[in-house]
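Next up, input.txt (compact mmCIF, C-alpha atoms (C1' of nucleotides)):
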```txt
# COMPACT_ATOMS: atom_id res chain seq x y z
CA MET A 19 -9.80 -35.65 -7.61
CA ALA A 20 -12.21 -33.33 -9.36
CA ASP A 21 -12.99 -33.80 -13.03
CA ASP A 22 -10.76 -31.56 -15.03
CA LEU A 23 -13.61 -30.11 -17.03
CA ALA A 24 -16.10 -29.87 -14.20
CA PRO A 25 -17.08 -26.48 -12.87
CA GLY A 26 -15.84 -25.69 -9.41
CA THR A 27 -17.72 -26.87 -6.38
CA ASP A 28 -20.28 -24.47 -5.00
CA ARG A 29 -19.00 -24.28 -1.45
CA PRO A 30 -19.06 -20.98 0.44
CA LEU A 31 -15.75 -19.26 1.07
CA ALA A 32 -15.94 -20.02 4.78
CA GLY A 33 -15.59 -23.74 4.06
CA ARG A 34 -12.55 -23.53 1.80
CA ALA A 35 -9.18 -24.21 3.36
CA ASN A 36 -7.37 -21.65 1.22
CA PHE A 37 -9.78 -18.90 2.17
CA LEU A 38 -9.70 -19.86 5.84
CA LEU A 39 -5.93 -19.89 5.87
CA SER A 40 -5.71 -16.50 4.20
CA GLN A 41 -8.37 -15.01 6.45
CA LEU A 42 -6.90 -16.40 9.65
CA GLY A 43 -3.38 -15.57 8.59
CA PHE A 44 -4.24 -11.97 7.98
CA HIS A 45 -6.13 -11.69 11.24
CA THR A 46 -3.32 -13.38 13.14
CA ALA A 47 -0.67 -11.09 11.70
CA GLN A 48 -2.78 -8.07 12.45
CA THR A 49 -3.56 -8.92 16.06
CA PHE A 50 0.01 -9.98 16.73
CA ALA A 51 1.25 -6.65 15.44
CA THR A 52 -1.17 -4.94 17.82
CA ARG A 53 -0.02 -7.00 20.79
CA LEU A 54 3.61 -6.28 19.94
CA ALA A 55 3.12 -2.55 19.33
CA PRO A 56 3.54 -1.51 23.00
CA LEU A 57 7.08 -2.86 22.81
CA GLY A 58 7.78 -0.51 19.93
CA ILE A 59 8.49 -3.22 17.41
CA ALA A 60 6.62 -4.95 14.58
CA PRO A 61 6.42 -8.69 13.87
CA ASN A 62 9.22 -8.54 11.31
CA HIS A 63 11.47 -6.85 13.85
CA PHE A 64 10.65 -9.65 16.24
CA GLY A 65 11.62 -12.25 13.68
CA LEU A 66 14.86 -10.47 12.94
CA LEU A 67 15.73 -10.22 16.64
CA MET A 68 15.02 -13.94 17.06
CA HIS A 69 17.41 -14.71 14.23
CA LEU A 70 20.05 -12.39 15.63
CA GLU A 71 19.84 -14.03 19.03
CA ARG A 72 21.45 -17.19 17.74
CA GLY A 73 24.20 -15.73 15.65
CA GLU A 74 25.34 -12.19 16.38
CA GLY A 75 28.01 -10.49 14.37
CA SER A 76 26.38 -11.34 11.08
CA THR A 77 26.57 -9.09 8.07
CA GLN A 78 23.48 -7.26 6.88
CA GLN A 79 23.75 -9.16 3.63
CA GLN A 80 23.91 -12.48 5.45
CA LEU A 81 20.84 -11.59 7.48
CA ALA A 82 19.00 -10.54 4.37
CA ASP A 83 19.84 -13.84 2.70
CA VAL A 84 18.63 -15.86 5.67
CA LEU A 85 15.34 -13.99 5.81
CA GLY A 86 14.88 -14.05 2.07
CA ILE A 87 14.69 -10.30 1.56
CA HIS A 88 16.68 -7.69 -0.29
CA ARG A 89 19.53 -5.95 1.49
CA LYS A 90 17.76 -2.65 1.00
CA VAL A 91 14.90 -3.81 3.22
CA MET A 92 17.38 -4.93 5.83
CA VAL A 93 18.73 -1.39 5.98
CA GLY A 94 15.30 -0.13 6.94
CA LEU A 95 14.67 -2.86 9.49
CA LEU A 96 18.02 -2.26 11.17
CA ASP A 97 17.49 1.48 11.08
CA ASP A 98 14.31 0.94 13.04
CA LEU A 99 15.92 -1.38 15.55
CA GLN A 100 18.98 0.82 15.95
CA HIS A 101 16.80 3.87 16.48
CA ARG A 102 14.94 1.84 19.07
CA GLY A 103 18.25 1.00 20.75
CA LEU A 104 18.00 -2.74 20.16
CA VAL A 105 20.89 -3.40 17.78
CA GLU A 106 24.35 -1.99 17.17
CA ARG A 107 26.18 -1.76 13.87
CA ARG A 108 29.76 -2.44 14.79
CA ARG A 109 32.73 -2.54 12.49
CA HIS A 110 33.18 -5.94 10.96
CA PRO A 111 36.47 -7.45 12.21
CA THR A 112 37.72 -8.61 8.81
CA ASP A 113 35.64 -6.83 6.16
CA ARG A 114 35.70 -3.08 6.40
CA ARG A 115 32.77 -2.57 4.03
CA ALA A 116 30.42 -4.66 6.12
CA HIS A 117 28.79 -4.10 9.47
CA ALA A 118 28.67 -6.66 12.25
CA ILE A 119 25.20 -6.59 13.76
CA HIS A 120 24.97 -7.12 17.50
CA LEU A 121 22.11 -7.10 19.98
CA THR A 122 22.12 -4.61 22.81
CA ASP A 123 21.38 -5.42 26.43
CA ALA A 124 18.03 -3.73 25.92
CA ALA A 125 17.24 -6.24 23.19
CA ARG A 126 18.23 -9.15 25.39
CA ALA A 127 15.90 -7.79 28.04
CA LEU A 128 13.13 -7.21 25.54
CA LEU A 129 13.18 -10.60 23.86
CA PRO A 130 11.72 -12.60 26.78
CA ARG A 131 8.88 -10.14 27.03
CA ALA A 132 8.23 -10.39 23.30
CA ARG A 133 8.27 -14.16 23.49
CA ARG A 134 5.77 -14.08 26.31
CA ILE A 135 3.51 -11.87 24.22
CA ALA A 136 3.86 -14.34 21.37
CA ASP A 137 2.93 -17.19 23.69
CA GLN A 138 -0.10 -15.36 25.02
CA HIS A 139 -1.16 -14.41 21.53
CA GLU A 140 -0.86 -17.97 20.32
CA ASP A 141 -2.87 -19.16 23.30
CA GLU A 142 -5.52 -16.59 22.54
CA ILE A 143 -5.77 -17.56 18.90
CA LEU A 144 -6.04 -21.24 19.78
CA THR A 145 -8.57 -20.76 22.59
CA PRO A 146 -11.30 -22.92 21.05
CA LEU A 147 -9.01 -25.96 20.78
CA ASP A 148 -7.83 -28.33 23.49
CA ALA A 149 -4.25 -29.48 23.82
CA ASP A 150 -4.66 -32.48 21.55
CA GLU A 151 -6.31 -30.47 18.82
CA ARG A 152 -3.64 -27.80 19.05
CA GLY A 153 -0.95 -30.39 18.56
CA HIS A 154 -2.67 -31.86 15.54
CA LEU A 155 -3.25 -28.41 14.05
CA ILE A 156 0.35 -27.29 14.46
CA ALA A 157 1.62 -30.56 13.03
CA ALA A 158 -0.66 -30.21 10.01
CA LEU A 159 0.31 -26.58 9.45
CA GLN A 160 3.98 -27.48 9.64
CA ARG A 161 3.53 -30.11 6.98
CA LEU A 162 1.78 -27.59 4.76
CA ALA A 163 4.43 -24.97 5.42
CA GLU A 164 7.20 -27.34 4.38
CA ARG A 165 5.71 -27.53 0.92
CA THR A 166 5.65 -23.79 0.34
CA GLY A 167 9.31 -23.59 -0.53
CA HIS A 168 10.04 -21.03 2.16
CA PRO A 169 12.68 -22.06 4.67
CA ALA A 170 11.31 -22.76 8.13
CA GLY A 171 10.61 -19.58 10.05
CA VAL A 172 10.81 -17.29 7.04
CA HIS A 173 7.76 -15.17 6.45
CA PRO A 174 7.03 -14.42 2.79
CA GLY A 175 5.49 -11.05 3.62
CA LEU A 176 8.54 -9.78 5.40
CA GLN A 177 9.60 -7.45 2.66
CA SER A 178 7.13 -4.76 3.68
CA SER A 179 5.42 -2.78 6.42
CA ALA A 180 8.24 -2.33 8.85
CA ARG A 181 7.31 1.09 10.12
CA SER A 182 3.69 0.48 11.09
CA ALA A 183 4.40 -0.13 14.75
CA THR A 184 7.53 1.98 15.03
CA ARG A 185 5.90 5.36 15.31
CA MET B 21 -1.34 -22.01 31.30
CA ALA B 22 2.00 -20.20 31.32
CA ASP B 23 3.12 -18.44 34.44
CA ASP B 24 2.24 -14.79 34.13
CA LEU B 25 5.70 -13.63 35.06
CA ALA B 26 7.63 -16.29 33.22
CA PRO B 27 9.63 -15.33 30.15
CA GLY B 28 8.27 -16.63 26.90
CA THR B 29 9.02 -20.13 25.75
CA ASP B 30 12.05 -20.49 23.56
CA ARG B 31 10.42 -22.26 20.63
CA PRO B 32 11.45 -21.42 17.08
CA LEU B 33 9.02 -19.47 14.95
CA ALA B 34 8.30 -22.48 12.79
CA GLY B 35 6.66 -24.24 15.74
CA ARG B 36 4.34 -21.43 16.77
CA ALA B 37 0.77 -21.60 15.56
CA ASN B 38 0.43 -17.86 15.14
CA PHE B 39 3.54 -17.65 12.99
CA LEU B 40 2.53 -20.67 10.95
CA LEU B 41 -0.92 -19.25 10.35
CA SER B 42 0.45 -15.90 9.28
CA GLN B 43 3.08 -17.46 7.07
CA LEU B 44 0.71 -19.92 5.42
CA GLY B 45 -2.00 -17.33 5.10
CA PHE B 46 0.27 -14.95 3.28
CA HIS B 47 1.58 -17.66 1.02
CA THR B 48 -1.92 -18.92 0.29
CA ALA B 49 -3.23 -15.47 -0.58
CA GLN B 50 -0.24 -14.86 -2.80
CA THR B 51 -0.45 -18.09 -4.76
CA PHE B 52 -4.20 -17.86 -5.09
CA ALA B 53 -3.86 -14.38 -6.57
CA THR B 54 -1.37 -15.80 -9.06
CA ARG B 55 -3.70 -18.65 -10.04
CA LEU B 56 -6.56 -16.23 -10.47
CA ALA B 57 -4.59 -13.63 -12.42
CA PRO B 58 -5.12 -15.24 -15.85
CA LEU B 59 -8.83 -14.61 -15.39
CA GLY B 60 -8.13 -10.91 -14.95
CA ILE B 61 -9.42 -10.72 -11.41
CA ALA B 62 -7.95 -10.66 -7.92
CA PRO B 63 -9.10 -12.65 -4.89
CA ASN B 64 -11.17 -9.79 -3.54
CA HIS B 65 -12.96 -9.53 -6.89
CA PHE B 66 -13.67 -13.22 -6.64
CA GLY B 67 -15.16 -12.80 -3.18
CA LEU B 68 -17.31 -9.93 -4.34
CA LEU B 69 -18.58 -11.89 -7.34
CA MET B 70 -19.43 -14.82 -5.08
CA HIS B 71 -21.46 -12.51 -2.87
CA LEU B 72 -23.18 -10.95 -5.83
CA GLU B 73 -24.15 -14.33 -7.20
CA ARG B 74 -26.64 -14.88 -4.43
CA GLY B 75 -28.27 -11.52 -4.30
CA GLU B 76 -28.05 -9.30 -7.35
CA GLY B 77 -29.52 -5.83 -7.42
CA SER B 78 -27.85 -4.83 -4.19
CA THR B 79 -26.69 -1.31 -3.51
CA GLN B 80 -22.98 -0.55 -3.39
CA GLN B 81 -23.44 0.50 0.21
CA GLN B 82 -25.15 -2.78 1.07
CA LEU B 83 -22.32 -4.73 -0.52
CA ALA B 84 -19.76 -2.68 1.33
CA ASP B 85 -21.54 -3.35 4.61
CA VAL B 86 -21.69 -7.09 3.99
CA LEU B 87 -18.00 -7.25 3.13
CA GLY B 88 -17.02 -4.96 5.98
CA ILE B 89 -15.29 -2.32 3.87
CA HIS B 90 -15.76 1.36 3.13
CA ARG B 91 -17.99 2.46 0.26
CA LYS B 92 -15.05 4.13 -1.40
CA VAL B 93 -13.27 0.80 -1.69
CA MET B 94 -16.38 -0.70 -3.23
CA VAL B 95 -16.24 1.99 -5.89
CA GLY B 96 -12.80 0.83 -6.88
CA LEU B 97 -13.68 -2.85 -6.84
CA LEU B 98 -16.76 -2.28 -8.98
CA ASP B 99 -14.81 -0.02 -11.31
CA ASP B 100 -12.44 -2.90 -11.90
CA LEU B 101 -15.20 -5.42 -12.44
CA GLN B 102 -17.18 -3.10 -14.68
CA HIS B 103 -14.09 -2.34 -16.73
CA ARG B 104 -13.61 -6.07 -17.00
CA GLY B 105 -17.21 -6.47 -18.19
CA LEU B 106 -18.33 -8.55 -15.23
CA VAL B 107 -20.86 -6.29 -13.51
CA GLU B 108 -23.37 -3.63 -14.54
CA ARG B 109 -24.40 -0.59 -12.55
CA ARG B 110 -28.11 -0.27 -13.33
CA ARG B 111 -30.48 2.36 -12.02
CA HIS B 112 -31.94 1.34 -8.72
CA PRO B 113 -35.72 0.82 -9.11
CA THR B 114 -36.76 2.79 -6.03
CA ASP B 115 -33.76 4.90 -4.95
CA ARG B 116 -32.44 7.18 -7.63
CA ARG B 117 -29.19 7.95 -5.79
CA ALA B 118 -28.15 4.32 -5.61
CA HIS B 119 -27.00 1.82 -8.20
CA ALA B 120 -28.31 -1.70 -8.50
CA ILE B 121 -25.37 -4.00 -9.12
CA HIS B 122 -25.94 -6.91 -11.48
CA LEU B 123 -23.71 -9.63 -12.86
CA THR B 124 -23.21 -9.92 -16.59
CA ASP B 125 -23.39 -13.13 -18.59
CA ALA B 126 -19.63 -12.99 -18.80
CA ALA B 127 -19.45 -13.11 -15.02
CA ARG B 128 -21.82 -16.07 -14.87
CA ALA B 129 -19.58 -17.83 -17.34
CA LEU B 130 -16.45 -16.86 -15.45
CA LEU B 131 -17.53 -17.91 -11.97
CA PRO B 132 -17.44 -21.68 -12.55
CA ARG B 133 -13.93 -21.35 -13.92
CA ALA B 134 -12.86 -19.29 -10.93
CA ARG B 135 -14.38 -21.83 -8.57
CA ARG B 136 -12.51 -24.61 -10.29
CA ILE B 137 -9.28 -22.67 -9.87
CA ALA B 138 -10.10 -22.23 -6.19
CA ASP B 139 -10.72 -25.96 -5.85
CA GLN B 140 -7.48 -26.83 -7.57
CA HIS B 141 -5.59 -24.31 -5.49
CA GLU B 142 -7.05 -25.67 -2.26
CA ASP B 143 -6.15 -29.18 -3.34
CA GLU B 144 -2.64 -28.06 -4.11
CA ILE B 145 -2.20 -26.37 -0.74
CA LEU B 146 -3.52 -29.43 1.09
CA THR B 147 -1.48 -31.95 -0.88
CA PRO B 148 0.41 -33.36 2.11
CA LEU B 149 -2.79 -34.24 3.97
CA ASP B 150 -5.20 -37.11 3.38
CA ALA B 151 -8.97 -36.69 3.34
CA ASP B 152 -9.41 -37.24 7.06
CA GLU B 153 -6.68 -34.79 7.99
CA ARG B 154 -8.13 -32.20 5.62
CA GLY B 155 -11.49 -32.49 7.28
CA HIS B 156 -10.03 -32.09 10.72
CA LEU B 157 -7.92 -29.12 9.62
CA ILE B 158 -10.83 -27.28 8.01
CA ALA B 159 -13.03 -27.94 11.03
CA ALA B 160 -10.36 -26.58 13.36
CA LEU B 161 -9.74 -23.51 11.19
CA GLN B 162 -13.45 -22.80 11.07
CA ARG B 163 -13.65 -22.87 14.84
CA LEU B 164 -10.73 -20.47 15.05
CA ALA B 165 -12.24 -18.20 12.42
CA GLU B 166 -15.51 -17.96 14.32
CA ARG B 167 -13.67 -16.38 17.22
CA THR B 168 -12.09 -13.62 15.16
CA GLY B 169 -15.21 -11.51 15.08
CA HIS B 170 -15.27 -11.36 11.30
CA PRO B 171 -18.48 -12.67 9.74
CA ALA B 172 -18.05 -15.96 7.90
CA GLY B 173 -16.49 -15.49 4.50
CA VAL B 174 -15.33 -11.91 5.14
CA HIS B 175 -11.65 -11.34 4.63
CA PRO B 176 -10.11 -8.74 6.94
CA GLY B 177 -7.57 -7.71 4.32
CA LEU B 178 -10.12 -6.96 1.70
CA GLN B 179 -9.73 -3.23 1.92
CA SER B 180 -6.55 -3.23 -0.13
CA SER B 181 -4.64 -4.55 -3.10
CA ALA B 182 -7.38 -4.68 -5.67
CA ARG B 183 -5.34 -3.76 -8.66
CA SER B 184 -2.45 -6.18 -8.28
CA ALA B 185 -3.87 -8.74 -10.68
CA THR B 186 -5.80 -6.30 -12.86
CA ARG B 187 -2.91 -4.98 -14.84
C1' DC C 14 48.24 -2.16 -9.75
C1' DC C 15 43.87 -2.35 -11.95
C1' DT C 16 39.63 -4.05 -13.13
C1' DG C 17 35.48 -6.34 -11.52
C1' DA C 18 32.48 -7.50 -7.84
C1' DC C 19 30.43 -6.71 -3.44
C1' DT C 20 28.51 -3.95 0.84
C1' DG C 21 25.61 -0.60 2.69
C1' DT C 22 23.20 3.64 1.59
C1' DC C 23 20.77 7.42 -0.68
C1' DG C 24 17.45 9.90 -3.81
C1' DG C 25 13.39 9.78 -7.32
C1' DG C 26 9.45 8.02 -9.66
C1' DT C 27 5.18 5.66 -8.71
C1' DA C 28 1.42 3.61 -6.76
C1' DC C 29 -1.67 3.03 -2.44
C1' DG C 30 -4.48 4.16 1.60
C1' DG C 31 -7.03 7.14 4.00
C1' DT C 32 -9.42 12.07 4.60
C1' DA C 33 -12.17 15.57 3.26
C1' DA C 34 -15.36 17.41 0.35
C1' DC C 35 -18.77 17.42 -3.46
C1' DA C 36 -23.61 17.16 -6.14
C1' DG C 37 -27.69 14.65 -6.24
C1' DT C 38 -31.36 12.50 -3.75
C1' DT C 39 -34.12 10.89 0.06
C1' DA C 40 -36.23 11.02 4.72
C1' DC C 41 -37.82 13.29 8.59
C1' DC C 42 -40.60 16.69 10.91
C1' DA C 43 -42.50 20.84 12.05
C1' DT D 25 -45.75 22.12 2.33
C1' DG D 26 -41.21 23.54 3.19
C1' DG D 27 -36.79 22.99 5.06
C1' DT D 28 -33.17 20.69 7.16
C1' DA D 29 -30.57 16.60 8.10
C1' DA D 30 -28.86 12.28 6.43
C1' DC D 31 -27.49 9.23 2.84
C1' DT D 32 -25.37 7.55 -1.92
C1' DG D 33 -21.70 7.36 -5.06
C1' DT D 34 -17.78 9.81 -6.62
C1' DT D 35 -13.70 12.76 -7.09
C1' DA D 36 -9.60 15.34 -5.60
C1' DC D 37 -5.94 15.49 -2.46
C1' DC D 38 -1.99 14.34 0.46
C1' DG D 39 1.11 11.80 3.11
C1' DT D 40 3.31 7.43 3.02
C1' DA D 41 5.43 3.16 1.46
C1' DC D 42 7.62 0.49 -2.23
C1' DC D 43 10.65 -0.23 -6.34
C1' DC D 44 14.36 1.18 -9.27
C1' DG D 45 18.78 2.69 -10.38
C1' DA D 46 22.93 4.94 -8.91
C1' DC D 47 26.60 5.97 -5.56
C1' DA D 48 31.17 5.83 -2.58
C1' DG D 49 33.91 2.71 -0.17
C1' DT D 50 36.11 -1.71 -0.01
C1' DC D 51 37.67 -6.31 -1.22
C1' DA D 52 39.55 -9.99 -4.52
C1' DG D 53 41.92 -11.79 -8.37
C1' DG D 54 44.87 -11.51 -12.36
```

As structure tokens, what does this structure read like?
Amino acid sequence: MADDLAPGTDRPLAGRANFLLSQLGFHTAQTFATRLAPLGIAPNHFGLLMHLERGEGSTQQQLADVLGIHRKVMVGLLDDLQHRGLVERRRHPTDRRAHAIHLTDAARALLPRARRIADQHEDEILTPLDADERGHLIAALQRLAERTGHPAGVHPGLQSSARSATR
Amino acid sequence: MADDLAPGTDRPLAGRANFLLSQLGFHTAQTFATRLAPLGIAPNHFGLLMHLERGEGSTQQQLADVLGIHRKVMVGLLDDLQHRGLVERRRHPTDRRAHAIHLTDAARALLPRARRIADQHEDEILTPLDADERGHLIAALQRLAERTGHPAGVHPGLQSSARSATR
DNA sequence: CCTGACTGTCGGGTACGGTAACAGTTACCA
DNA sequence: TGGTAACTGTTACCGTACCCGACAGTCAGG
């Protein structure tokens, strides 16, 4: 579209889609972490719990693969959740080196509350838009997200900052 | 909209606007930093240079206020840029405690290249959308960004990760 | 049975973020 | 005029988080 030798356009940052996405993404992650903090978990814990909900008994390695992180990080995440009483590391039925990760009843009670917080937070973020505009925005974002190479629902920044909301 | 006592909706993460924004924002910031790295600067340096372009001679404190960060962080950012030969700390004409920050010729030569990289990066991110959809998306994002409380063009995550692309 | 590969975990080096404090300078105000 | 309070830019410090390799225990295949 732009001439390959032309200098960049002189638009302000606030009109560039990449800046807006980065700015809004950071703000969204930050406020969501704040909303979730009273539950004693961080956004990455929430994502892990959501994954565990459909598929308990997985290995830590399997979970790490699905979320695209290193097994070492999974140790820390599960330590947090176990300390919080939300997951159990049971013996794996067939592989004695591995753990089978299961949700506790407390986690099953917590998840609906967390989902409601997520809904409220989303509604708050999208306040300026009506229902039609929200639909168009989400559809557009999904199309952009598909191109990033990350599997659906996998956050690229997951490999860090697990303990911020834990203490 | 949702009943206040209802459990949260059971949508996957990939369909929630707040998750999509956070995911895309992180990915966008990451790839933009990569595109910018060959120039020897990070995204926050780019933002600072853009601000300096319209308004040289500012004090470090003034710049920190405009960007919403602490003066100490500005010291680090300017250290990087000065080391890179892009800014000069001159004596302030009226206040001998303060520095007057000026761009160098190298910075004025670098900025068009950086802007072109930003344009290309934006185009790359928005590939799946046509011109109309891009316009609608940017307009919607701008309306959401206005509600965050951050001044236009101010990135909330600016207070960190300055040195990632410097070395 | 024995070697190689895998699982989950632990310690150590390193870099980062935020706090407190500093000298130099200005502004206020009696 | 003098003296105190506030401000600028900077440094030193400390607790924390992240990355790396290494480890015991266990499985799989020849």

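Put simply, CA of His69 (chain A) is 26.9 Å away from C1' of DT50 (chain D).
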
>> Neighbouring residues of His112 (chain B) were defined as those with any atom within 10 Å, considering only C-alpha atoms (C1' of nucleotides); residues of the same chain fewer than 4 positions away were excluded. Please report them as a PyMOL selection string.
In response: chain B and resi 77-79+116-121

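Interatomic distance, CA of Ile156 (chain A) to CA of Asp141 (chain A): 12.4 Å.
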
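Across the model, the gap from CA of Ile61 (chain B) to CA of Asp100 (chain B) is 8.4 Å.
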
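Considering all atoms listed in the file, the residue among D:DG49, D:DC44, D:DT34, D:DG26 positioned nearest to chain A is D:DG49.
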